[in-house]
file entry30.cif (mmCIF, C-alpha atoms (C1' of nucleotides))
data_target
loop_
_atom_site.group_PDB
_atom_site.id
_atom_site.type_symbol
_atom_site.label_atom_id
_atom_site.label_comp_id
_atom_site.auth_asym_id
_atom_site.auth_seq_id
_atom_site.Cartn_x
_atom_site.Cartn_y
_atom_site.Cartn_z
ATOM 1 C CA MET A 1 -6.902 33.638 -0.305
ATOM 2 C CA ASP A 2 -10.481 33.523 -1.498
ATOM 3 C CA LYS A 3 -13.546 34.122 0.624
ATOM 4 C CA LYS A 4 -14.552 30.473 0.848
ATOM 5 C CA LYS A 5 -11.261 29.366 2.332
ATOM 6 C CA ARG A 6 -11.113 32.338 4.661
ATOM 7 C CA LYS A 7 -14.533 31.474 5.948
ATOM 8 C CA GLN A 8 -13.573 27.866 6.504
ATOM 9 C CA LEU A 9 -10.578 28.921 8.531
ATOM 10 C CA GLU A 10 -12.564 31.264 10.717
ATOM 11 C CA GLU A 11 -15.277 28.744 11.389
ATOM 12 C CA LYS A 12 -13.001 25.847 12.119
ATOM 13 C CA GLY A 13 -10.537 27.816 14.196
ATOM 14 C CA PHE A 14 -7.545 26.255 12.496
ATOM 15 C CA ARG A 15 -4.611 26.132 14.855
ATOM 16 C CA VAL A 16 -1.175 26.361 13.344
ATOM 17 C CA GLY A 17 1.897 26.884 15.456
ATOM 18 C CA SER A 18 1.502 29.696 17.929
ATOM 19 C CA ALA A 19 -0.382 32.049 15.665
ATOM 20 C CA ALA A 20 -3.770 32.667 17.174
ATOM 21 C CA ASP A 21 -4.957 34.656 14.224
ATOM 22 C CA PHE A 22 -4.935 33.421 10.666
ATOM 23 C CA LEU A 23 -3.595 36.728 9.469
ATOM 24 C CA GLU A 24 -0.309 36.023 11.213
ATOM 25 C CA LEU A 25 0.413 32.776 9.427
ATOM 26 C CA THR A 26 3.770 32.265 7.781
ATOM 27 C CA PRO A 27 3.714 31.749 4.006
ATOM 28 C CA GLU A 28 4.380 28.052 4.545
ATOM 29 C CA GLU A 29 1.548 27.697 7.009
ATOM 30 C CA GLU A 30 -0.797 29.519 4.714
ATOM 31 C CA ALA A 31 0.173 27.387 1.733
ATOM 32 C CA TYR A 32 -0.247 24.256 3.810
ATOM 33 C CA ILE A 33 -3.778 25.174 4.836
ATOM 34 C CA ASP A 34 -4.520 26.324 1.325
ATOM 35 C CA ILE A 35 -3.618 22.928 -0.072
ATOM 36 C CA ARG A 36 -5.692 21.116 2.521
ATOM 37 C CA LEU A 37 -8.743 23.233 1.793
ATOM 38 C CA ASP A 38 -8.334 22.770 -1.940
ATOM 39 C CA ILE A 39 -8.309 19.023 -1.526
ATOM 40 C CA SER A 40 -11.177 18.877 0.944
ATOM 41 C CA ASN A 41 -13.297 21.090 -1.281
ATOM 42 C CA MET A 42 -12.531 18.840 -4.216
ATOM 43 C CA VAL A 43 -13.688 15.800 -2.280
ATOM 44 C CA LYS A 44 -16.997 17.488 -1.623
ATOM 45 C CA SER A 45 -17.499 18.594 -5.215
ATOM 46 C CA GLN A 46 -16.479 15.267 -6.685
ATOM 47 C CA ARG A 47 -18.723 13.354 -4.330
ATOM 48 C CA SER A 48 -21.686 15.563 -5.157
ATOM 49 C CA LYS A 49 -20.868 15.293 -8.822
ATOM 50 C CA ARG A 50 -21.158 11.521 -8.582
ATOM 51 C CA GLY A 51 -24.281 11.671 -6.470
ATOM 52 C CA TRP A 52 -22.744 9.793 -3.586
ATOM 53 C CA THR A 53 -23.744 10.319 0.021
ATOM 54 C CA GLN A 54 -21.092 10.807 2.680
ATOM 55 C CA GLU A 55 -22.102 7.421 4.020
ATOM 56 C CA GLN A 56 -21.415 5.758 0.678
ATOM 57 C CA LEU A 57 -18.026 7.348 0.302
ATOM 58 C CA ALA A 58 -17.161 6.465 3.891
ATOM 59 C CA ARG A 59 -17.978 2.775 3.354
ATOM 60 C CA ALA A 60 -16.031 2.759 0.112
ATOM 61 C CA ILE A 61 -12.829 3.690 1.895
ATOM 62 C CA GLY A 62 -13.497 1.956 5.196
ATOM 63 C CA SER A 63 -14.224 5.124 7.083
ATOM 64 C CA SER A 64 -17.343 6.621 8.643
ATOM 65 C CA GLN A 65 -19.807 9.307 7.651
ATOM 66 C CA SER A 66 -18.782 11.601 10.460
ATOM 67 C CA ARG A 67 -15.205 11.668 9.269
ATOM 68 C CA ILE A 68 -16.248 12.511 5.736
ATOM 69 C CA ALA A 69 -18.344 15.374 7.072
ATOM 70 C CA LYS A 70 -15.365 16.678 9.010
ATOM 71 C CA LEU A 71 -13.122 16.198 6.003
ATOM 72 C CA GLU A 72 -15.382 18.219 3.740
ATOM 73 C CA GLY A 73 -15.754 20.857 6.422
ATOM 74 C CA GLY A 74 -12.024 21.444 6.495
ATOM 75 C CA ASP A 75 -11.519 20.004 9.962
ATOM 76 C CA PRO A 76 -7.839 20.154 10.970
ATOM 77 C CA GLY A 77 -8.106 16.760 12.628
ATOM 78 C CA ILE A 78 -8.291 14.998 9.301
ATOM 79 C CA SER A 79 -5.112 13.780 7.661
ATOM 80 C CA MET A 80 -4.180 14.503 4.083
ATOM 81 C CA ASP A 81 -3.773 10.780 3.618
ATOM 82 C CA LEU A 82 -7.466 10.239 4.294
ATOM 83 C CA MET A 83 -8.367 13.098 1.973
ATOM 84 C CA ILE A 84 -6.276 11.709 -0.851
ATOM 85 C CA LYS A 85 -7.692 8.229 -0.351
ATOM 86 C CA ALA A 86 -11.196 9.681 -0.595
ATOM 87 C CA LEU A 87 -10.355 11.610 -3.738
ATOM 88 C CA LEU A 88 -8.826 8.591 -5.427
ATOM 89 C CA ARG A 89 -11.799 6.414 -4.489
ATOM 90 C CA LEU A 90 -14.033 8.968 -6.176
ATOM 91 C CA GLY A 91 -12.155 8.333 -9.373
ATOM 92 C CA THR A 92 -9.929 11.368 -9.260
ATOM 93 C CA SER A 93 -6.567 10.729 -10.838
ATOM 94 C CA LYS A 94 -3.174 11.782 -9.580
ATOM 95 C CA LYS A 95 -2.962 14.051 -12.578
ATOM 96 C CA GLN A 96 -6.258 15.751 -11.746
ATOM 97 C CA ILE A 97 -5.089 16.338 -8.207
ATOM 98 C CA GLY A 98 -1.977 17.898 -9.669
ATOM 99 C CA LYS A 99 -4.045 20.191 -11.827
ATOM 100 C CA LEU A 100 -6.077 21.235 -8.833
ATOM 101 C CA LEU A 101 -2.951 22.287 -6.958
ATOM 102 C CA GLU A 102 -1.632 23.976 -10.043
ATOM 103 C CA GLY A 103 -4.720 26.082 -10.139
ATOM 104 C CA GLU A 104 -5.907 24.860 -13.504
ATOM 105 C CA LEU A 105 -8.847 23.083 -12.000
ATOM 106 C CA GLU A 106 -11.698 24.839 -10.313
ATOM 107 C CA PRO A 107 -12.075 23.520 -6.746
ATOM 108 C CA ALA A 108 -15.787 24.192 -6.792
ATOM 109 C CA MET B 1 5.512 2.189 -12.057
ATOM 110 C CA ASP B 2 9.174 2.975 -12.478
ATOM 111 C CA LYS B 3 12.026 0.953 -11.049
ATOM 112 C CA LYS B 4 12.863 3.401 -8.314
ATOM 113 C CA LYS B 5 9.405 3.312 -6.815
ATOM 114 C CA ARG B 6 9.130 -0.430 -7.183
ATOM 115 C CA LYS B 7 12.378 -0.809 -5.325
ATOM 116 C CA GLN B 8 11.199 1.466 -2.543
ATOM 117 C CA LEU B 9 8.065 -0.571 -2.117
ATOM 118 C CA GLU B 10 9.933 -3.837 -1.948
ATOM 119 C CA GLU B 11 12.469 -2.565 0.546
ATOM 120 C CA LYS B 12 10.008 -0.855 2.816
ATOM 121 C CA GLY B 13 7.452 -3.632 2.742
ATOM 122 C CA PHE B 14 4.582 -1.238 2.274
ATOM 123 C CA ARG B 15 1.429 -2.669 3.752
ATOM 124 C CA VAL B 16 -1.854 -1.670 2.191
ATOM 125 C CA GLY B 17 -5.084 -3.350 3.074
ATOM 126 C CA SER B 18 -4.808 -7.092 2.937
ATOM 127 C CA ALA B 19 -2.647 -7.259 -0.150
ATOM 128 C CA ALA B 20 0.606 -8.867 0.822
ATOM 129 C CA ASP B 21 2.179 -8.309 -2.556
ATOM 130 C CA PHE B 22 2.418 -4.956 -4.269
ATOM 131 C CA LEU B 23 1.311 -6.516 -7.511
ATOM 132 C CA GLU B 24 -2.146 -7.110 -6.077
ATOM 133 C CA LEU B 25 -2.844 -3.504 -5.212
ATOM 134 C CA THR B 26 -6.028 -1.879 -6.385
ATOM 135 C CA PRO B 27 -5.625 1.072 -8.739
ATOM 136 C CA GLU B 28 -6.481 3.443 -5.888
ATOM 137 C CA GLU B 29 -3.938 1.891 -3.578
ATOM 138 C CA GLU B 30 -1.298 2.045 -6.247
ATOM 139 C CA ALA B 31 -2.052 5.690 -7.037
ATOM 140 C CA TYR B 32 -1.963 6.509 -3.345
ATOM 141 C CA ILE B 33 1.467 5.014 -2.884
ATOM 142 C CA ASP B 34 2.600 6.535 -6.132
ATOM 143 C CA ILE B 35 1.713 10.013 -4.907
ATOM 144 C CA ARG B 36 3.441 9.459 -1.589
ATOM 145 C CA LEU B 37 6.630 8.303 -3.249
ATOM 146 C CA ASP B 38 6.584 11.214 -5.677
ATOM 147 C CA ILE B 39 6.366 13.662 -2.815
ATOM 148 C CA SER B 40 8.974 11.962 -0.653
ATOM 149 C CA ASN B 41 11.386 11.796 -3.550
ATOM 150 C CA MET B 42 10.825 15.473 -4.220
ATOM 151 C CA VAL B 43 11.666 16.302 -0.627
ATOM 152 C CA LYS B 44 14.954 14.495 -0.973
ATOM 153 C CA SER B 45 15.863 16.130 -4.274
ATOM 154 C CA GLN B 46 14.862 19.607 -3.170
ATOM 155 C CA ARG B 47 16.783 19.306 0.067
ATOM 156 C CA SER B 48 19.906 18.141 -1.765
ATOM 157 C CA LYS B 49 19.452 20.885 -4.304
ATOM 158 C CA ARG B 50 19.557 23.451 -1.524
ATOM 159 C CA GLY B 51 22.458 21.778 0.218
ATOM 160 C CA TRP B 52 20.568 21.219 3.439
ATOM 161 C CA THR B 53 21.228 18.321 5.777
ATOM 162 C CA GLN B 54 18.356 16.251 7.114
ATOM 163 C CA GLU B 55 19.096 17.761 10.511
ATOM 164 C CA GLN B 56 18.684 21.291 9.151
ATOM 165 C CA LEU B 57 15.393 20.520 7.468
ATOM 166 C CA ALA B 58 14.146 18.750 10.574
ATOM 167 C CA ARG B 59 14.848 21.751 12.803
ATOM 168 C CA ALA B 60 13.239 24.069 10.259
ATOM 169 C CA ILE B 61 9.922 22.284 10.605
ATOM 170 C CA GLY B 62 10.196 21.264 14.240
ATOM 171 C CA SER B 63 10.846 17.632 13.520
ATOM 172 C CA SER B 64 13.853 15.362 13.948
ATOM 173 C CA GLN B 65 16.507 13.999 11.620
ATOM 174 C CA SER B 66 15.330 10.442 11.994
ATOM 175 C CA ARG B 67 11.880 11.320 10.705
ATOM 176 C CA ILE B 68 13.284 13.105 7.682
ATOM 177 C CA ALA B 69 15.349 10.040 6.914
ATOM 178 C CA LYS B 70 12.245 7.878 7.118
ATOM 179 C CA LEU B 71 10.301 10.368 5.055
ATOM 180 C CA GLU B 72 12.845 10.358 2.252
ATOM 181 C CA GLY B 73 13.042 6.597 2.419
ATOM 182 C CA GLY B 74 9.360 6.281 1.689
ATOM 183 C CA ASP B 75 8.447 4.944 5.111
ATOM 184 C CA PRO B 76 4.676 4.296 5.355
ATOM 185 C CA GLY B 77 4.624 5.606 8.908
ATOM 186 C CA ILE B 78 5.093 9.167 7.745
ATOM 187 C CA SER B 79 2.049 11.312 7.082
ATOM 188 C CA MET B 80 1.507 13.274 3.906
ATOM 189 C CA ASP B 81 1.015 16.311 6.075
ATOM 190 C CA LEU B 82 4.595 16.107 7.311
ATOM 191 C CA MET B 83 5.843 15.573 3.766
ATOM 192 C CA ILE B 84 3.987 18.610 2.471
ATOM 193 C CA LYS B 85 5.215 20.738 5.361
ATOM 194 C CA ALA B 86 8.773 19.706 4.543
ATOM 195 C CA LEU B 87 8.329 20.484 0.862
ATOM 196 C CA LEU B 88 6.871 23.910 1.561
ATOM 197 C CA ARG B 89 9.651 24.721 4.028
ATOM 198 C CA LEU B 90 12.132 23.938 1.281
ATOM 199 C CA GLY B 91 10.552 26.675 -0.793
ATOM 200 C CA THR B 92 8.455 24.460 -3.005
ATOM 201 C CA SER B 93 5.223 26.122 -4.049
ATOM 202 C CA LYS B 94 1.778 24.621 -4.210
ATOM 203 C CA LYS B 95 1.955 25.037 -7.948
ATOM 204 C CA GLN B 96 5.209 23.104 -8.167
ATOM 205 C CA ILE B 97 3.727 20.292 -6.126
ATOM 206 C CA GLY B 98 0.837 20.269 -8.557
ATOM 207 C CA LYS B 99 3.198 20.019 -11.477
ATOM 208 C CA LEU B 100 4.958 17.126 -9.830
ATOM 209 C CA LEU B 101 1.720 15.191 -9.513
ATOM 210 C CA GLU B 102 0.774 16.126 -13.020
ATOM 211 C CA GLY B 103 3.935 14.528 -14.232
ATOM 212 C CA GLU B 104 5.379 17.675 -15.702
ATOM 213 C CA LEU B 105 8.096 17.833 -13.106
ATOM 214 C CA GLU B 106 10.843 15.262 -12.812
ATOM 215 C CA PRO B 107 10.831 13.819 -9.296
ATOM 216 C CA ALA B 108 14.563 13.214 -9.439
ATOM 217 C "C1'" DA C 1 -47.220 20.205 10.970
ATOM 218 C "C1'" DA C 2 -44.794 15.239 10.717
ATOM 219 C "C1'" DC C 3 -41.588 11.989 8.380
ATOM 220 C "C1'" DT C 4 -37.310 10.871 6.054
ATOM 221 C "C1'" DA C 5 -32.726 11.184 4.239
ATOM 222 C "C1'" DA C 6 -28.498 13.590 4.475
ATOM 223 C "C1'" DT C 7 -25.199 16.104 6.822
ATOM 224 C "C1'" DA C 8 -22.990 18.124 11.047
ATOM 225 C "C1'" DT C 9 -21.096 17.775 15.757
ATOM 226 C "C1'" DG C 10 -19.238 15.579 19.776
ATOM 227 C "C1'" DT C 11 -17.120 11.709 22.349
ATOM 228 C "C1'" DC C 12 -14.987 7.266 23.145
ATOM 229 C "C1'" DG C 13 -11.077 3.623 23.120
ATOM 230 C "C1'" DA C 14 -7.941 1.856 19.648
ATOM 231 C "C1'" DA C 15 -4.648 2.577 16.154
ATOM 232 C "C1'" DT C 16 -1.140 5.342 14.154
ATOM 233 C "C1'" DA C 17 2.161 9.262 13.811
ATOM 234 C "C1'" DT C 18 4.890 12.271 16.556
ATOM 235 C "C1'" DG C 19 9.597 14.203 18.265
ATOM 236 C "C1'" DA C 20 13.326 12.631 21.119
ATOM 237 C "C1'" DC C 21 17.040 9.946 21.602
ATOM 238 C "C1'" DA C 22 20.456 6.290 20.960
ATOM 239 C "C1'" DT C 23 23.200 4.057 17.837
ATOM 240 C "C1'" DA C 24 24.430 1.864 13.595
ATOM 241 C "C1'" DA C 25 25.814 2.388 8.930
ATOM 242 C "C1'" DA C 26 27.310 4.951 5.185
ATOM 243 C "C1'" DT C 27 30.069 8.830 2.992
ATOM 244 C "C1'" DA C 28 33.836 11.792 2.661
ATOM 245 C "C1'" DA C 29 38.244 14.042 3.897
ATOM 246 C "C1'" DG C 30 42.829 13.919 5.631
ATOM 247 C "C1'" DC D 1 43.150 3.517 8.216
ATOM 248 C "C1'" DT D 2 41.245 7.270 11.384
ATOM 249 C "C1'" DT D 3 38.166 11.048 12.029
ATOM 250 C "C1'" DA D 4 34.155 13.742 11.188
ATOM 251 C "C1'" DT D 5 29.784 14.336 8.985
ATOM 252 C "C1'" DT D 6 25.652 12.718 7.265
ATOM 253 C "C1'" DT D 7 22.171 9.432 6.827
ATOM 254 C "C1'" DA D 8 19.715 5.091 8.348
ATOM 255 C "C1'" DT D 9 17.433 2.228 11.841
ATOM 256 C "C1'" DG D 10 15.181 1.154 16.119
ATOM 257 C "C1'" DT D 11 12.693 2.299 20.479
ATOM 258 C "C1'" DC D 12 9.948 4.984 23.677
ATOM 259 C "C1'" DA D 13 6.253 7.944 25.811
ATOM 260 C "C1'" DT D 14 3.231 11.417 24.096
ATOM 261 C "C1'" DA D 15 0.144 13.366 20.757
ATOM 262 C "C1'" DT D 16 -2.837 12.963 17.032
ATOM 263 C "C1'" DT D 17 -5.869 10.595 14.002
ATOM 264 C "C1'" DC D 18 -8.644 6.667 13.468
ATOM 265 C "C1'" DG D 19 -13.478 4.293 12.933
ATOM 266 C "C1'" DA D 20 -17.577 3.764 15.698
ATOM 267 C "C1'" DC D 21 -21.430 5.496 17.589
ATOM 268 C "C1'" DA D 22 -24.826 8.704 19.386
ATOM 269 C "C1'" DT D 23 -27.200 12.673 18.566
ATOM 270 C "C1'" DA D 24 -28.177 17.166 16.643
ATOM 271 C "C1'" DT D 25 -29.141 19.861 12.771
ATOM 272 C "C1'" DT D 26 -30.532 20.690 8.156
ATOM 273 C "C1'" DA D 27 -33.081 19.936 3.789
ATOM 274 C "C1'" DG D 28 -36.548 18.028 1.234
ATOM 275 C "C1'" DT D 29 -41.383 15.591 0.823
ATOM 276 C "C1'" DT D 30 -46.084 14.798 1.755
#
call {"tool": "encode", "arguments": {"input": "entry30.cif", "output": "structure tokens"}}
result
Amino acid sequence: MDKKKRKQLEEKGFRVGSAADFLELTPEEEAYIDIRLDISNMVKSQRSKRGWTQEQLARAIGSSQSRIAKLEGGDPGISMDLMIKALLRLGTSKKQIGKLLEGELEPA
Amino acid sequence: MDKKKRKQLEEKGFRVGSAADFLELTPEEEAYIDIRLDISNMVKSQRSKRGWTQEQLARAIGSSQSRIAKLEGGDPGISMDLMIKALLRLGTSKKQIGKLLEGELEPA
DNA sequence: AACTAATATGTCGAATATGACATAAATAAG
DNA sequence: CTTATTTATGTCATATTCGACATATTAGTT
């Protein structure tokens, strides 16, 4: 796991199962968090790339600025569904999302 | 959209926004549903491939058989998070999920 | 410094997803 | 046609996520 994701986990205090420490995550748990962080980071980069504010993106998908902030911060209390909706609204295609998860696309 | 997905939408009566008919979906809405169906179909195929019952998969991720059935049926009331957790528990890698969304992997 | 725009953080009731459980329907084997 | 197994469907109380709103913090400008 890269430094950025590690940092996000530490700061957010991601809670998965009974593991108190992120070093004790199962491979599945780690992959799950990894995917979430990839997507949330892509939302942030794509939004910036388009010069949108969090407020603009929020309105565009019927959400609120605070939720976008939490989304981009890797908050565990944000669903993948909301993340995907945000990504799609930013013009990201299903194929691009696939590439991101494949590792062919730089998340930053 | 292929026949299988179209059929799933019709049967499940997927509700998105105010569009009563799936033909009136925005591109984002359609892509969103498309992704969900891809993932749910992959769960079903991967589970069958491994010879697991829905009950077995459910226990493996701390869920219940009924939710796995709904998941595989494309029920809108199932989160992507649960779908991804199921996929990962079945041994599917992040990379494979990416390939699926990219279209390089056959969902069936 | 002050002022402004953007982002982060926390909290609330409402909406949605959760596992559980029951039970129906399908599928398969004898 | 039974019997057993698996999958589908519906309901319920609980848990989680939702948008909203307020407010804090940060970043940039003058």
call {"tool": "residues_around", "arguments": {"input": "entry30.cif", "residues": "DA8 (chain D)", "least_positions_apart": "3", "cutoff": "12 Å", "atoms": "all atoms listed in the file", "output": "short mmCIF file (atom, residue, chain, number, x, y, z; two decimals) with C-alpha atoms (C1' of nucleotides), in the frame of the given file"}}
result
data_model
loop_
_atom_site.label_atom_id
_atom_site.label_comp_id
_atom_site.auth_asym_id
_atom_site.auth_seq_id
_atom_site.Cartn_x
_atom_site.Cartn_y
_atom_site.Cartn_z
CA GLN B 54 18.36 16.25 7.11
CA GLN B 65 16.51 14.00 11.62
CA SER B 66 15.33 10.44 11.99
CA ARG B 67 11.88 11.32 10.70
CA ILE B 68 13.28 13.10 7.68
CA ALA B 69 15.35 10.04 6.91
CA LYS B 70 12.24 7.88 7.12
CA LEU B 71 10.30 10.37 5.06
CA GLU B 72 12.84 10.36 2.25
CA GLY B 73 13.04 6.60 2.42
CA ASP B 75 8.45 4.94 5.11
"C1'" DT C 23 23.20 4.06 17.84
"C1'" DA C 24 24.43 1.86 13.60
"C1'" DA C 25 25.81 2.39 8.93
"C1'" DA C 26 27.31 4.95 5.18
#
call {"tool": "closest_atom_pairs", "arguments": {"input": "entry30.cif", "of": "chain D", "to": "chain A", "cutoff": "8 Å", "atoms": "all atoms listed in the file", "output": "CSV"}}
result
residue,atom,partner,partner_atom,distance
D:DT16,C1',A:Gly77,CA,7.8
D:DT17,C1',A:Gly77,CA,6.7
D:DG19,C1',A:Ser63,CA,6.0
D:DA20,C1',A:Ser64,CA,7.6
call {"tool": "resolve_selection", "arguments": {"input": "entry30.cif", "expression": "the PyMOL selection byres ((chain B) within 12 of (chain A))", "output": "MDAnalysis selection string"}}
result
chainID B and resid 16:17 26:36 38:39 60:62 76:105
call {"tool": "atom_distance", "arguments": {"input": "entry30.cif", "atom1": "CA of Val43 (chain B)", "atom2": "C1' of DG10 (chain D)"}}
result
22.9 Å
call {"tool": "interface_residues", "arguments": {"input": "entry30.cif", "of": "chain C", "to": "chain A", "cutoff": "8 Å", "atoms": "only C-alpha atoms (C1' of nucleotides)", "output": "ChimeraX atom specification"}}
result
/C:6-8
call {"tool": "write_last_selection", "arguments": {"input": "entry30.cif", "atoms": "C-alpha atoms (C1' of nucleotides)", "output": "CSV table (one decimal), in the frame of the given file"}}
result
chain,number,residue,atom,x,y,z
C,6,DA,C1',-28.5,13.6,4.5
C,7,DT,C1',-25.2,16.1,6.8
C,8,DA,C1',-23.0,18.1,11.0
call {"tool": "atom_distance", "arguments": {"input": "entry30.cif", "atom1": "CA of Gly74 (chain B)", "atom2": "CA of Gln8 (chain B)"}}
result
6.7 Å
call {"tool": "residues_around", "arguments": {"input": "entry30.cif", "residues": "DT11 (chain D)", "least_positions_apart": "6", "cutoff": "12 Å", "atoms": "all atoms listed in the file", "output": "list in words"}}
result
DA20, DC21, DA22 and DT23 of chain C
call {"tool": "atom_distance", "arguments": {"input": "entry30.cif", "atom1": "CA of Ser40 (chain A)", "atom2": "CA of Trp52 (chain A)"}}
result
15.4 Å
call {"tool": "residues_near_point", "arguments": {"input": "entry30.cif", "point": "(-26.5, 12.2, 21.5)", "cutoff": "12 Å", "atoms": "all atoms listed in the file", "output": "mmCIF file with C-alpha atoms (C1' of nucleotides), keeping the file's coordinate frame"}}
result
data_model
loop_
_atom_site.group_PDB
_atom_site.id
_atom_site.type_symbol
_atom_site.label_atom_id
_atom_site.label_comp_id
_atom_site.auth_asym_id
_atom_site.auth_seq_id
_atom_site.Cartn_x
_atom_site.Cartn_y
_atom_site.Cartn_z
ATOM 1 C "C1'" DT C 9 -21.096 17.775 15.757
ATOM 2 C "C1'" DG C 10 -19.238 15.579 19.776
ATOM 3 C "C1'" DT C 11 -17.120 11.709 22.349
ATOM 4 C "C1'" DC D 21 -21.430 5.496 17.589
ATOM 5 C "C1'" DA D 22 -24.826 8.704 19.386
ATOM 6 C "C1'" DT D 23 -27.200 12.673 18.566
ATOM 7 C "C1'" DA D 24 -28.177 17.166 16.643
ATOM 8 C "C1'" DT D 25 -29.141 19.861 12.771
#
call {"tool": "residues_near_point", "arguments": {"input": "entry30.cif", "point": "(-1.3, 13.1, 19.2)", "cutoff": "12 Å", "atoms": "all atoms listed in the file", "output": "PyMOL selection string"}}
result
(chain A and resi 77) or (chain C and resi 15-19) or (chain D and resi 13-18)
call {"tool": "decode", "arguments": {"input": "entry30.cif", "residues": "region 34-55 of chain B", "atoms": "N, CA and C atoms", "output": "short mmCIF file (atom, residue, chain, number, x, y, z; two decimals), in the first residue's frame"}}
result
data_model
loop_
_atom_site.label_atom_id
_atom_site.label_comp_id
_atom_site.auth_asym_id
_atom_site.auth_seq_id
_atom_site.Cartn_x
_atom_site.Cartn_y
_atom_site.Cartn_z
N ASP B 34 -25.47 -0.11 -15.02
CA ASP B 34 -24.66 -1.04 -15.80
C ASP B 34 -23.53 -1.63 -14.96
N ILE B 35 -22.86 -0.77 -14.22
CA ILE B 35 -21.76 -1.21 -13.36
C ILE B 35 -22.27 -2.15 -12.27
N ARG B 36 -23.38 -1.76 -11.66
CA ARG B 36 -23.96 -2.61 -10.61
C ARG B 36 -24.30 -4.00 -11.13
N LEU B 37 -24.91 -4.04 -12.29
CA LEU B 37 -25.30 -5.34 -12.84
C LEU B 37 -24.08 -6.17 -13.23
N ASP B 38 -23.07 -5.52 -13.75
CA ASP B 38 -21.83 -6.23 -14.08
C ASP B 38 -21.27 -6.92 -12.84
N ILE B 39 -21.21 -6.15 -11.76
CA ILE B 39 -20.63 -6.69 -10.53
C ILE B 39 -21.49 -7.80 -9.95
N SER B 40 -22.80 -7.59 -9.91
CA SER B 40 -23.68 -8.61 -9.34
C SER B 40 -23.64 -9.90 -10.16
N ASN B 41 -23.57 -9.74 -11.46
CA ASN B 41 -23.47 -10.93 -12.31
C ASN B 41 -22.15 -11.66 -12.09
N MET B 42 -21.10 -10.89 -11.83
CA MET B 42 -19.81 -11.52 -11.59
C MET B 42 -19.81 -12.29 -10.27
N VAL B 43 -20.51 -11.76 -9.29
CA VAL B 43 -20.62 -12.49 -8.02
C VAL B 43 -21.26 -13.85 -8.26
N LYS B 44 -22.34 -13.83 -9.00
CA LYS B 44 -23.05 -15.08 -9.27
C LYS B 44 -22.17 -16.09 -10.01
N SER B 45 -21.49 -15.62 -11.04
CA SER B 45 -20.67 -16.52 -11.85
C SER B 45 -19.46 -17.04 -11.07
N GLN B 46 -18.85 -16.16 -10.29
CA GLN B 46 -17.69 -16.59 -9.51
C GLN B 46 -18.09 -17.58 -8.42
N ARG B 47 -19.23 -17.34 -7.82
CA ARG B 47 -19.69 -18.25 -6.77
C ARG B 47 -19.97 -19.63 -7.36
N SER B 48 -20.66 -19.65 -8.49
CA SER B 48 -20.96 -20.92 -9.16
C SER B 48 -19.68 -21.62 -9.55
N LYS B 49 -18.76 -20.84 -10.07
CA LYS B 49 -17.48 -21.38 -10.52
C LYS B 49 -16.76 -22.10 -9.39
N ARG B 50 -16.91 -21.58 -8.18
CA ARG B 50 -16.24 -22.18 -7.03
C ARG B 50 -17.11 -23.23 -6.34
N GLY B 51 -18.32 -23.40 -6.83
CA GLY B 51 -19.19 -24.40 -6.25
C GLY B 51 -19.70 -24.06 -4.87
N TRP B 52 -19.78 -22.77 -4.57
CA TRP B 52 -20.31 -22.35 -3.28
C TRP B 52 -21.81 -22.15 -3.37
N THR B 53 -22.49 -22.38 -2.24
CA THR B 53 -23.91 -22.05 -2.18
C THR B 53 -24.02 -20.61 -1.70
N GLN B 54 -25.19 -20.03 -1.88
CA GLN B 54 -25.40 -18.66 -1.41
C GLN B 54 -25.21 -18.60 0.10
N GLU B 55 -25.64 -19.66 0.76
CA GLU B 55 -25.51 -19.74 2.22
C GLU B 55 -24.03 -19.69 2.63
#
